[in-house]
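Q: Contents of final_12.cif (mmCIF, C-alpha atoms and all ligand atoms) are below:
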```
data_upload
#
loop_
_atom_site.label_atom_id
_atom_site.label_comp_id
_atom_site.auth_asym_id
_atom_site.auth_seq_id
_atom_site.Cartn_x
_atom_site.Cartn_y
_atom_site.Cartn_z
CA MET A 1 -9.68 22.12 -13.14
CA SER A 2 -8.86 21.50 -9.52
CA THR A 3 -5.26 21.77 -8.40
CA MET A 4 -5.89 19.16 -5.71
CA ALA A 5 -5.15 15.54 -6.52
CA GLY A 6 -8.26 13.39 -6.79
CA ARG A 7 -9.29 10.70 -4.36
CA PHE A 8 -8.84 7.08 -5.29
CA LEU A 9 -11.71 4.88 -4.09
CA THR A 10 -11.96 1.18 -4.76
CA ILE A 11 -14.83 -1.19 -4.16
CA GLU A 12 -14.27 -4.86 -3.59
CA GLY A 13 -16.07 -8.10 -2.90
CA ILE A 14 -17.05 -11.38 -4.50
CA GLU A 15 -19.46 -11.67 -7.44
CA GLY A 16 -22.97 -10.47 -6.70
CA VAL A 17 -22.30 -8.45 -3.52
CA GLY A 18 -23.39 -5.26 -5.28
CA LYS A 19 -20.18 -3.54 -6.39
CA SER A 20 -21.50 -2.29 -9.73
CA THR A 21 -24.75 -1.20 -8.09
CA GLN A 22 -22.92 0.81 -5.42
CA VAL A 23 -20.37 2.32 -7.79
CA ALA A 24 -23.29 3.67 -9.82
CA ARG A 25 -25.00 5.00 -6.69
CA LEU A 26 -21.85 6.68 -5.47
CA SER A 27 -21.16 8.17 -8.88
CA ALA A 28 -24.65 9.69 -8.93
CA LYS A 29 -24.07 11.16 -5.46
CA LEU A 30 -20.73 12.64 -6.48
CA ASN A 31 -22.38 14.18 -9.54
CA GLU A 32 -24.98 15.80 -7.28
CA ARG A 33 -22.14 17.32 -5.28
CA GLY A 34 -20.28 18.48 -8.38
CA ILE A 35 -17.31 16.22 -7.71
CA THR A 36 -15.64 15.39 -11.01
CA HIS A 37 -14.75 11.75 -11.20
CA VAL A 38 -14.35 8.77 -13.46
CA VAL A 39 -15.80 5.31 -12.95
CA THR A 40 -13.63 2.42 -13.98
CA ARG A 41 -12.97 -1.23 -13.26
CA GLU A 42 -10.33 -3.92 -13.08
CA PRO A 43 -9.30 -5.89 -14.87
CA GLY A 44 -9.95 -3.37 -17.64
CA GLY A 45 -10.71 0.32 -17.70
CA THR A 46 -8.96 1.18 -20.99
CA PRO A 47 -9.44 -0.39 -24.43
CA LEU A 48 -6.18 -2.32 -24.18
CA ALA A 49 -6.77 -3.42 -20.58
CA GLU A 50 -10.30 -4.51 -21.53
CA ARG A 51 -8.78 -6.80 -24.15
CA ILE A 52 -6.68 -8.38 -21.41
CA ARG A 53 -9.84 -8.68 -19.29
CA GLU A 54 -11.50 -10.60 -22.07
CA ILE A 55 -8.59 -13.06 -22.14
CA VAL A 56 -8.65 -13.53 -18.37
CA LEU A 57 -12.41 -13.91 -18.01
CA ASN A 58 -13.26 -15.86 -21.13
CA SER A 59 -10.34 -18.01 -22.27
CA ARG A 60 -11.95 -21.39 -22.84
CA ASP A 61 -10.10 -23.23 -25.57
CA GLU A 62 -6.85 -23.52 -23.69
CA VAL A 63 -5.97 -23.67 -20.00
CA LEU A 64 -4.94 -20.35 -18.50
CA PRO A 65 -2.45 -21.33 -15.77
CA PRO A 66 -2.92 -19.44 -12.47
CA THR A 67 0.48 -17.79 -12.88
CA ALA A 68 -0.53 -16.47 -16.30
CA GLU A 69 -3.80 -15.26 -14.81
CA LEU A 70 -1.85 -13.36 -12.13
CA LEU A 71 0.53 -11.80 -14.65
CA LEU A 72 -2.31 -10.79 -16.95
CA MET A 73 -4.08 -9.12 -14.03
CA PHE A 74 -0.98 -7.07 -13.36
CA ALA A 75 -0.39 -6.40 -17.05
CA ALA A 76 -3.92 -5.00 -17.28
CA ARG A 77 -3.32 -3.02 -14.08
CA ALA A 78 -0.09 -1.50 -15.41
CA VAL A 79 -1.94 -0.30 -18.52
CA HIS A 80 -4.88 0.98 -16.48
CA MET A 81 -2.72 2.86 -13.97
CA THR A 82 -0.51 4.53 -16.57
CA ASN A 83 -3.17 5.39 -19.12
CA HIS A 84 -6.18 6.13 -16.98
CA VAL A 85 -5.97 6.12 -13.17
CA GLU A 86 -2.82 8.20 -12.63
CA PRO A 87 -3.65 10.87 -15.25
CA ASN A 88 -7.13 11.35 -13.80
CA LEU A 89 -5.90 11.59 -10.21
CA ARG A 90 -3.22 14.03 -11.34
CA ASP A 91 -5.87 16.21 -12.97
CA GLY A 92 -7.84 16.30 -9.73
CA ARG A 93 -10.57 13.89 -10.70
CA TRP A 94 -11.66 11.20 -8.29
CA VAL A 95 -11.35 7.64 -9.51
CA LEU A 96 -13.99 5.08 -8.50
CA CYS A 97 -12.71 1.66 -9.35
CA ASP A 98 -14.74 -1.55 -9.32
CA ARG A 99 -12.15 -4.03 -7.98
CA PHE A 100 -8.42 -3.35 -7.64
CA ILE A 101 -5.31 -4.70 -5.91
CA ASP A 102 -7.17 -6.37 -3.03
CA ALA A 103 -8.99 -8.51 -5.58
CA THR A 104 -5.65 -9.91 -6.71
CA TYR A 105 -4.77 -10.94 -3.16
CA ALA A 106 -8.25 -12.37 -2.74
CA TYR A 107 -8.70 -14.20 -6.06
CA GLN A 108 -5.21 -15.13 -7.17
CA GLY A 109 -3.84 -15.37 -3.60
CA GLY A 110 -6.82 -16.78 -1.65
CA GLY A 111 -8.78 -18.35 -4.48
CA ARG A 112 -5.98 -19.73 -6.67
CA ARG A 113 -3.53 -20.12 -3.77
CA LEU A 114 -0.65 -18.33 -5.47
CA ARG A 115 2.17 -17.08 -3.26
CA VAL A 116 1.45 -13.83 -1.50
CA ASP A 117 5.13 -12.85 -1.76
CA ASP A 118 4.92 -13.04 -5.54
CA ILE A 119 1.83 -10.83 -5.50
CA ARG A 120 3.62 -8.33 -3.26
CA GLN A 121 6.54 -8.08 -5.65
CA LEU A 122 4.27 -7.47 -8.61
CA GLU A 123 2.32 -4.94 -6.58
CA ALA A 124 5.52 -3.00 -5.84
CA MET A 125 6.54 -3.17 -9.50
CA VAL A 126 3.23 -2.00 -10.89
CA LEU A 127 1.83 0.33 -8.24
CA GLY A 128 4.95 1.85 -6.70
CA ALA A 129 3.62 3.84 -3.74
CA ARG A 130 0.08 4.22 -5.11
CA ARG A 131 -2.67 2.78 -2.92
CA PRO A 132 -6.38 3.52 -2.74
CA ASP A 133 -7.35 6.31 -0.34
CA LEU A 134 -10.32 4.21 0.69
CA THR A 135 -11.47 0.70 -0.12
CA VAL A 136 -14.99 -0.50 0.58
CA LEU A 137 -15.28 -4.24 1.01
CA LEU A 138 -18.87 -5.28 0.37
CA ASP A 139 -19.44 -8.42 2.35
CA ALA A 140 -22.16 -11.04 2.18
CA PRO A 141 -22.33 -14.81 2.64
CA VAL A 142 -21.10 -16.62 -0.47
CA GLU A 143 -24.40 -18.33 -1.22
CA GLN A 144 -26.36 -15.10 -1.01
CA ALA A 145 -23.94 -13.22 -3.23
CA LEU A 146 -23.74 -15.98 -5.83
CA GLN A 147 -27.52 -16.22 -5.87
CA ARG A 148 -27.73 -12.52 -6.72
CA ALA A 149 -25.06 -12.90 -9.39
CA ARG A 150 -26.96 -15.80 -10.96
CA GLN A 151 -30.18 -13.78 -11.00
CA ARG A 152 -28.39 -10.87 -12.60
CA ASN A 153 -26.80 -13.06 -15.26
CA ALA A 154 -30.11 -14.79 -16.06
CA GLY A 155 -29.00 -17.26 -18.68
CA ALA A 156 -25.81 -15.49 -19.79
CA ALA A 157 -22.72 -17.72 -19.79
CA ALA A 158 -20.69 -17.66 -16.56
CA ASP A 159 -17.12 -16.34 -16.87
CA ARG A 160 -14.01 -18.21 -15.63
CA PHE A 161 -14.48 -16.94 -12.08
CA GLU A 162 -18.24 -17.24 -11.96
CA SER A 163 -17.82 -20.90 -12.92
CA GLU A 164 -15.85 -21.60 -9.74
CA ARG A 165 -17.39 -23.48 -6.84
CA ALA A 166 -18.51 -22.06 -3.50
CA GLU A 167 -15.29 -23.18 -1.73
CA PHE A 168 -13.28 -21.01 -4.09
CA PHE A 169 -15.35 -17.96 -3.11
CA GLU A 170 -15.10 -18.84 0.58
CA ARG A 171 -11.32 -18.62 0.22
CA VAL A 172 -11.65 -15.37 -1.71
CA ARG A 173 -13.92 -13.93 0.97
CA ASP A 174 -11.54 -15.02 3.75
CA ALA A 175 -8.61 -13.41 1.98
CA TYR A 176 -10.57 -10.17 1.56
CA HIS A 177 -11.36 -10.21 5.30
CA ALA A 178 -7.69 -10.71 6.12
CA ARG A 179 -6.82 -7.69 3.99
CA ALA A 180 -9.43 -5.57 5.75
CA ALA A 181 -8.25 -6.69 9.19
CA ALA A 182 -4.65 -5.80 8.33
CA GLU A 183 -5.49 -2.31 7.06
CA PRO A 184 -8.61 -1.16 8.89
CA ASN A 185 -8.07 2.52 8.11
CA ARG A 186 -7.92 2.06 4.38
CA MET A 187 -10.30 -0.85 3.99
CA VAL A 188 -13.75 -0.81 5.53
CA VAL A 189 -16.17 -3.73 5.53
CA VAL A 190 -19.77 -2.85 4.71
CA ASP A 191 -22.60 -5.33 5.21
CA ALA A 192 -23.86 -6.01 1.70
CA THR A 193 -26.86 -8.01 2.87
CA LEU A 194 -28.63 -4.73 3.71
CA PRO A 195 -30.97 -3.11 1.18
CA VAL A 196 -29.26 -1.16 -1.62
CA ASP A 197 -30.17 2.24 -0.15
CA GLN A 198 -28.74 1.40 3.25
CA VAL A 199 -25.50 0.10 1.78
CA ALA A 200 -25.24 3.29 -0.28
CA SER A 201 -25.77 5.53 2.73
CA ARG A 202 -23.16 3.63 4.75
CA ILE A 203 -20.64 4.12 1.99
CA PHE A 204 -21.51 7.79 1.76
CA LYS A 205 -21.04 8.18 5.53
CA LEU A 206 -17.50 6.84 5.17
CA LEU A 207 -16.71 9.74 2.84
CA GLU A 208 -18.38 12.24 5.17
CA ALA A 209 -16.44 10.88 8.14
CA ARG A 210 -13.23 11.65 6.24
CA SER A 211 -14.52 15.14 5.38
CA TRP A 212 -14.16 14.39 1.68
CA ILE A 213 -17.70 15.54 1.13
CA SER A 214 -20.21 17.44 3.22
N1 LIG B 301 -28.04 -4.65 -1.37
C1 LIG B 301 -28.65 -5.42 -2.28
N2 LIG B 301 -29.73 -6.15 -1.95
C2 LIG B 301 -30.34 -6.93 -2.87
N3 LIG B 301 -29.95 -7.06 -4.15
C3 LIG B 301 -28.87 -6.37 -4.54
C4 LIG B 301 -28.16 -5.52 -3.63
N4 LIG B 301 -27.12 -4.95 -4.30
C5 LIG B 301 -27.18 -5.43 -5.56
N5 LIG B 301 -28.24 -6.27 -5.72
C6 LIG B 301 -28.61 -7.02 -6.93
O1 LIG B 301 -27.73 -8.13 -6.99
C7 LIG B 301 -27.28 -8.32 -8.32
C8 LIG B 301 -25.75 -8.19 -8.36
O2 LIG B 301 -25.40 -6.84 -8.10
P1 LIG B 301 -24.11 -6.20 -8.80
O3 LIG B 301 -24.06 -4.78 -8.41
O4 LIG B 301 -24.12 -6.52 -10.26
O5 LIG B 301 -22.95 -7.03 -8.06
P2 LIG B 301 -21.41 -7.13 -8.40
O6 LIG B 301 -21.06 -5.99 -9.30
O7 LIG B 301 -20.74 -7.05 -7.06
O8 LIG B 301 -21.20 -8.47 -9.02
C9 LIG B 301 -27.97 -7.29 -9.19
O9 LIG B 301 -29.10 -7.89 -9.77
C10 LIG B 301 -28.36 -6.21 -8.19
O10 LIG B 301 -29.52 -5.53 -8.59
MG MG B 302 -20.12 -5.93 -11.15
#
```
When written as structure tokens, how does the structure in this file appear?
A:
Amino acid sequence: MSTMAGRFLTIEGIEGVGKSTQVARLSAKLNERGITHVVTREPGGTPLAERIREIVLNSRDEVLPPTAELLLMFAARAVHMTNHVEPNLRDGRWVLCDRFIDATYAYQGGGRRLRVDDIRQLEAMVLGARRPDLTVLLDAPVEQALQRARQRNAGAAADRFESERAEFFERVRDAYHARAAAEPNRMVVVDATLPVDQVASRIFKLLEARSWIS
């Protein structure tokens, strides 16, 4: 086991930009290099947090107020951080996470228009000083991304977010861009309209540029 703390990488973007595809690609690359890591996602990542995910994504019979959605996201995050992310980082494993804190600012802040100050307070409560070492924002026009997501789903029922209209995702995308502009060192925008291989190699170059891999 390594004595060095692991790296914490998050991948962000609206539905269909290619997050899951790129997390899998990056994981395969890290395996080739012998870098021990775990792949996880938010909301979710542990059995309990996945149960919260199910509530957030698929509650249908009763309205889930935006405030409850926000609190559930952070409840899931608190579970995920304590039971999975922090222990793995401590043991020297890298953590690749499909969506994280920026998604809350983008979806619950931008999309649902909840107060950013409230999100900041919850962030401080749940994350303390922990932030990703690097966040990749996969970016593509809303229509293109949603089209991909629809093709992927092929008949499967849309979840509570996937059922939102294009304007919702435009707000989400704008909020993601604002996050990236405010923290350009941590959060890097990658053009997700490129072919899968090119997106993957751009992401890999970001790690090389930081000398995390060679
Ligand atoms: N760069 C790309 N170009 C074209 N299609 C892509 C690209 N990346 C992913 N896809 C396809 O788009 C769909 C959504 O990708 P996925 O990785 O599931 O997105 P996300 O996890 O961001 O919702 C999948 O069918 C995937 O194969
Ligand atoms: Mg995905």
Q: Which protein, DNA or RNA residues have an atom within 10 Å of ligand MG 302 (chain B), counting all atoms listed in the file, as a list of chain:residue names?
A: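 Residues satisfying the distance criterion: A:Ile11, A:Glu12, A:Gly13, A:Ile14, A:Glu15, A:Gly16, A:Val17, A:Gly18, A:Lys19, A:Ser20, A:Thr21, A:Gln22, A:Val23, A:Arg41, A:Asp98, A:Arg99, A:Ala149, A:Arg152.
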Q: Which residues come within 10 Å of Met125 (chain A), counting all atoms listed in the file, excluding same-chain residues fewer than 5 positions away, as a PyMOL selection string?
A: chain A and resi 74+78+119-120
Q: Give me, as an MDAnalysis selection string, all polymer residues having an atom no more than 10 Å from Phe204 (chain A), counting all atoms listed in the file and skipping those fewer than 6 positions away in the same chain.
A: chainID A and resid 25:26 29:30 198 212:214
Q: In Å, with one decimal, what is the gap from CA of Gly6 (chain A) to CA of His37 (chain A)?
A: 8.0 Å
Q: Which is closest to ligand LIG 301 (chain B) among A:Arg131, A:Arg112, A:Arg202, A:His80, if we use only C-alpha atoms and all ligand atoms?
A: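 So, comparing all the options, the nearest one is A:Arg202.
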Q: Find the nearest atom pair between each residue of region 54-119 of chain A and region 179-185 of chain A for residues within 10 Å, count all atoms listed in the file, give distances in Å to one decimal, sort rows by chain and ascending number, and present the table as a Markdown table.
A:
```
| residue | atom | partner | partner_atom | distance |
| --- | --- | --- | --- | --- |
| A:Asp102 | CA | A:Arg179 | CA | 7.2 |
| A:Ala103 | CA | A:Arg179 | CA | 9.8 |
| A:Tyr105 | CA | A:Arg179 | CA | 8.1 |
| A:Ala106 | CA | A:Arg179 | CA | 8.3 |
```
Q: What is the CA of Arg150 (chain A) to CA of Arg53 (chain A) distance in Å?
A: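 These atoms are spaced 20.3 Å apart.
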Q: Which of these, A:Ala166, A:Val79, A:Val142, A:Met4, has the shortest distance to ligand LIG 301 (chain B) once you count all atoms listed in the file?
A: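 With all atoms listed in the file as the atom set, the closest residue is A:Val142.
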Q: Might you pull out every residue within 10 Å of Val56 (chain A), with only C-alpha atoms counted and same-chain residues fewer than 4 positions away left off, and present them as number ranges by chain?
A: A: 43, 50-52, 60, 64, 68-70, 72-73, 76, 159-161
Q: With all atoms of ligand LIG 301 (chain B) from the file as input, state the centre and edge lengths in Å to one decimal of the axis-aligned box that has 8 Å extra on each side, as JSON.
A:
```
{"center_x": -25.5, "center_y": -6.6, "center_z": -5.8, "size_x": 25.6, "size_y": 19.8, "size_z": 24.9}
```
Q: From the options A:Val196, A:Leu9, A:Ala49, A:Val188, which residue's atoms come nearest to Thr82 (chain A), counting all atoms listed in the file?
A: A:Ala49
Q: Start from the incomplete input, build all heavy atoms for region 74-85 of chain A, and deliver everything as a tab-separated table (two decimals), in the frame of the given file.
A:
```tsv
chain	number	residue	atom	x	y	z
A	74	PHE	N	-1.90	-8.18	-13.57
A	74	PHE	CA	-0.98	-7.07	-13.36
A	74	PHE	C	-0.63	-6.35	-14.66
A	74	PHE	O	-0.37	-5.14	-14.66
A	74	PHE	CB	0.28	-7.53	-12.61
A	74	PHE	CG	0.09	-7.50	-11.12
A	74	PHE	CD1	-0.07	-8.67	-10.40
A	74	PHE	CD2	0.05	-6.29	-10.43
A	74	PHE	CE1	-0.25	-8.64	-9.01
A	74	PHE	CE2	-0.13	-6.25	-9.06
A	74	PHE	CZ	-0.28	-7.44	-8.34
A	75	ALA	N	-0.62	-7.06	-15.76
A	75	ALA	CA	-0.39	-6.40	-17.05
A	75	ALA	C	-1.53	-5.42	-17.32
A	75	ALA	O	-1.32	-4.25	-17.69
A	75	ALA	CB	-0.31	-7.44	-18.17
A	76	ALA	N	-2.76	-5.88	-17.10
A	76	ALA	CA	-3.92	-5.00	-17.28
A	76	ALA	C	-3.84	-3.81	-16.32
A	76	ALA	O	-4.13	-2.67	-16.69
A	76	ALA	CB	-5.22	-5.79	-17.04
A	77	ARG	N	-3.41	-4.09	-15.10
A	77	ARG	CA	-3.32	-3.02	-14.08
A	77	ARG	C	-2.27	-1.99	-14.48
A	77	ARG	O	-2.48	-0.78	-14.30
A	77	ARG	CB	-2.99	-3.65	-12.72
A	77	ARG	CG	-2.92	-2.66	-11.57
A	77	ARG	CD	-3.03	-3.35	-10.22
A	77	ARG	NE	-4.32	-4.00	-10.10
A	77	ARG	CZ	-4.52	-5.23	-9.63
A	77	ARG	NH1	-3.50	-5.95	-9.18
A	77	ARG	NH2	-5.73	-5.74	-9.58
A	78	ALA	N	-1.14	-2.44	-15.00
A	78	ALA	CA	-0.09	-1.50	-15.41
A	78	ALA	C	-0.61	-0.56	-16.50
A	78	ALA	O	-0.35	0.66	-16.48
A	78	ALA	CB	1.14	-2.27	-15.90
A	79	VAL	N	-1.34	-1.11	-17.44
A	79	VAL	CA	-1.94	-0.30	-18.52
A	79	VAL	C	-2.94	0.69	-17.93
A	79	VAL	O	-2.92	1.90	-18.23
A	79	VAL	CB	-2.63	-1.21	-19.56
A	79	VAL	CG1	-3.42	-0.39	-20.55
A	79	VAL	CG2	-1.61	-2.10	-20.27
A	80	HIS	N	-3.80	0.17	-17.06
A	80	HIS	CA	-4.88	0.98	-16.48
A	80	HIS	C	-4.32	2.12	-15.64
A	80	HIS	O	-4.78	3.26	-15.72
A	80	HIS	CB	-5.75	0.04	-15.63
A	80	HIS	CG	-6.98	0.66	-15.06
A	80	HIS	ND1	-7.38	0.39	-13.78
A	80	HIS	CD2	-7.90	1.50	-15.58
A	80	HIS	CE1	-8.51	1.06	-13.54
A	80	HIS	NE2	-8.84	1.73	-14.61
A	81	MET	N	-3.30	1.81	-14.82
A	81	MET	CA	-2.72	2.86	-13.97
A	81	MET	C	-2.10	3.95	-14.82
A	81	MET	O	-2.34	5.14	-14.60
A	81	MET	CB	-1.64	2.27	-13.05
A	81	MET	CG	-2.12	1.29	-12.00
A	81	MET	SD	-3.55	1.83	-11.07
A	81	MET	CE	-2.83	3.05	-9.97
A	82	THR	N	-1.27	3.55	-15.78
A	82	THR	CA	-0.51	4.53	-16.57
A	82	THR	C	-1.42	5.36	-17.47
A	82	THR	O	-1.25	6.58	-17.59
A	82	THR	CB	0.53	3.79	-17.43
A	82	THR	OG1	1.38	3.05	-16.56
A	82	THR	CG2	1.37	4.77	-18.25
A	83	ASN	N	-2.38	4.71	-18.09
A	83	ASN	CA	-3.17	5.39	-19.12
A	83	ASN	C	-4.46	6.01	-18.61
A	83	ASN	O	-5.07	6.81	-19.32
A	83	ASN	CB	-3.50	4.41	-20.26
A	83	ASN	CG	-2.24	3.93	-20.96
A	83	ASN	OD1	-1.16	4.50	-20.78
A	83	ASN	ND2	-2.37	2.88	-21.76
A	84	HIS	N	-4.87	5.64	-17.42
A	84	HIS	CA	-6.18	6.13	-16.98
A	84	HIS	C	-6.19	6.62	-15.53
A	84	HIS	O	-6.52	7.78	-15.26
A	84	HIS	CB	-7.22	5.01	-17.17
A	84	HIS	CG	-8.64	5.47	-17.08
A	84	HIS	ND1	-9.15	6.47	-17.87
A	84	HIS	CD2	-9.65	5.06	-16.29
A	84	HIS	CE1	-10.43	6.66	-17.56
A	84	HIS	NE2	-10.76	5.83	-16.59
A	85	VAL	N	-5.82	5.75	-14.59
A	85	VAL	CA	-5.97	6.12	-13.17
A	85	VAL	C	-5.05	7.28	-12.80
A	85	VAL	O	-5.52	8.32	-12.28
A	85	VAL	CB	-5.70	4.90	-12.24
A	85	VAL	CG1	-5.74	5.32	-10.77
A	85	VAL	CG2	-6.73	3.80	-12.51
```
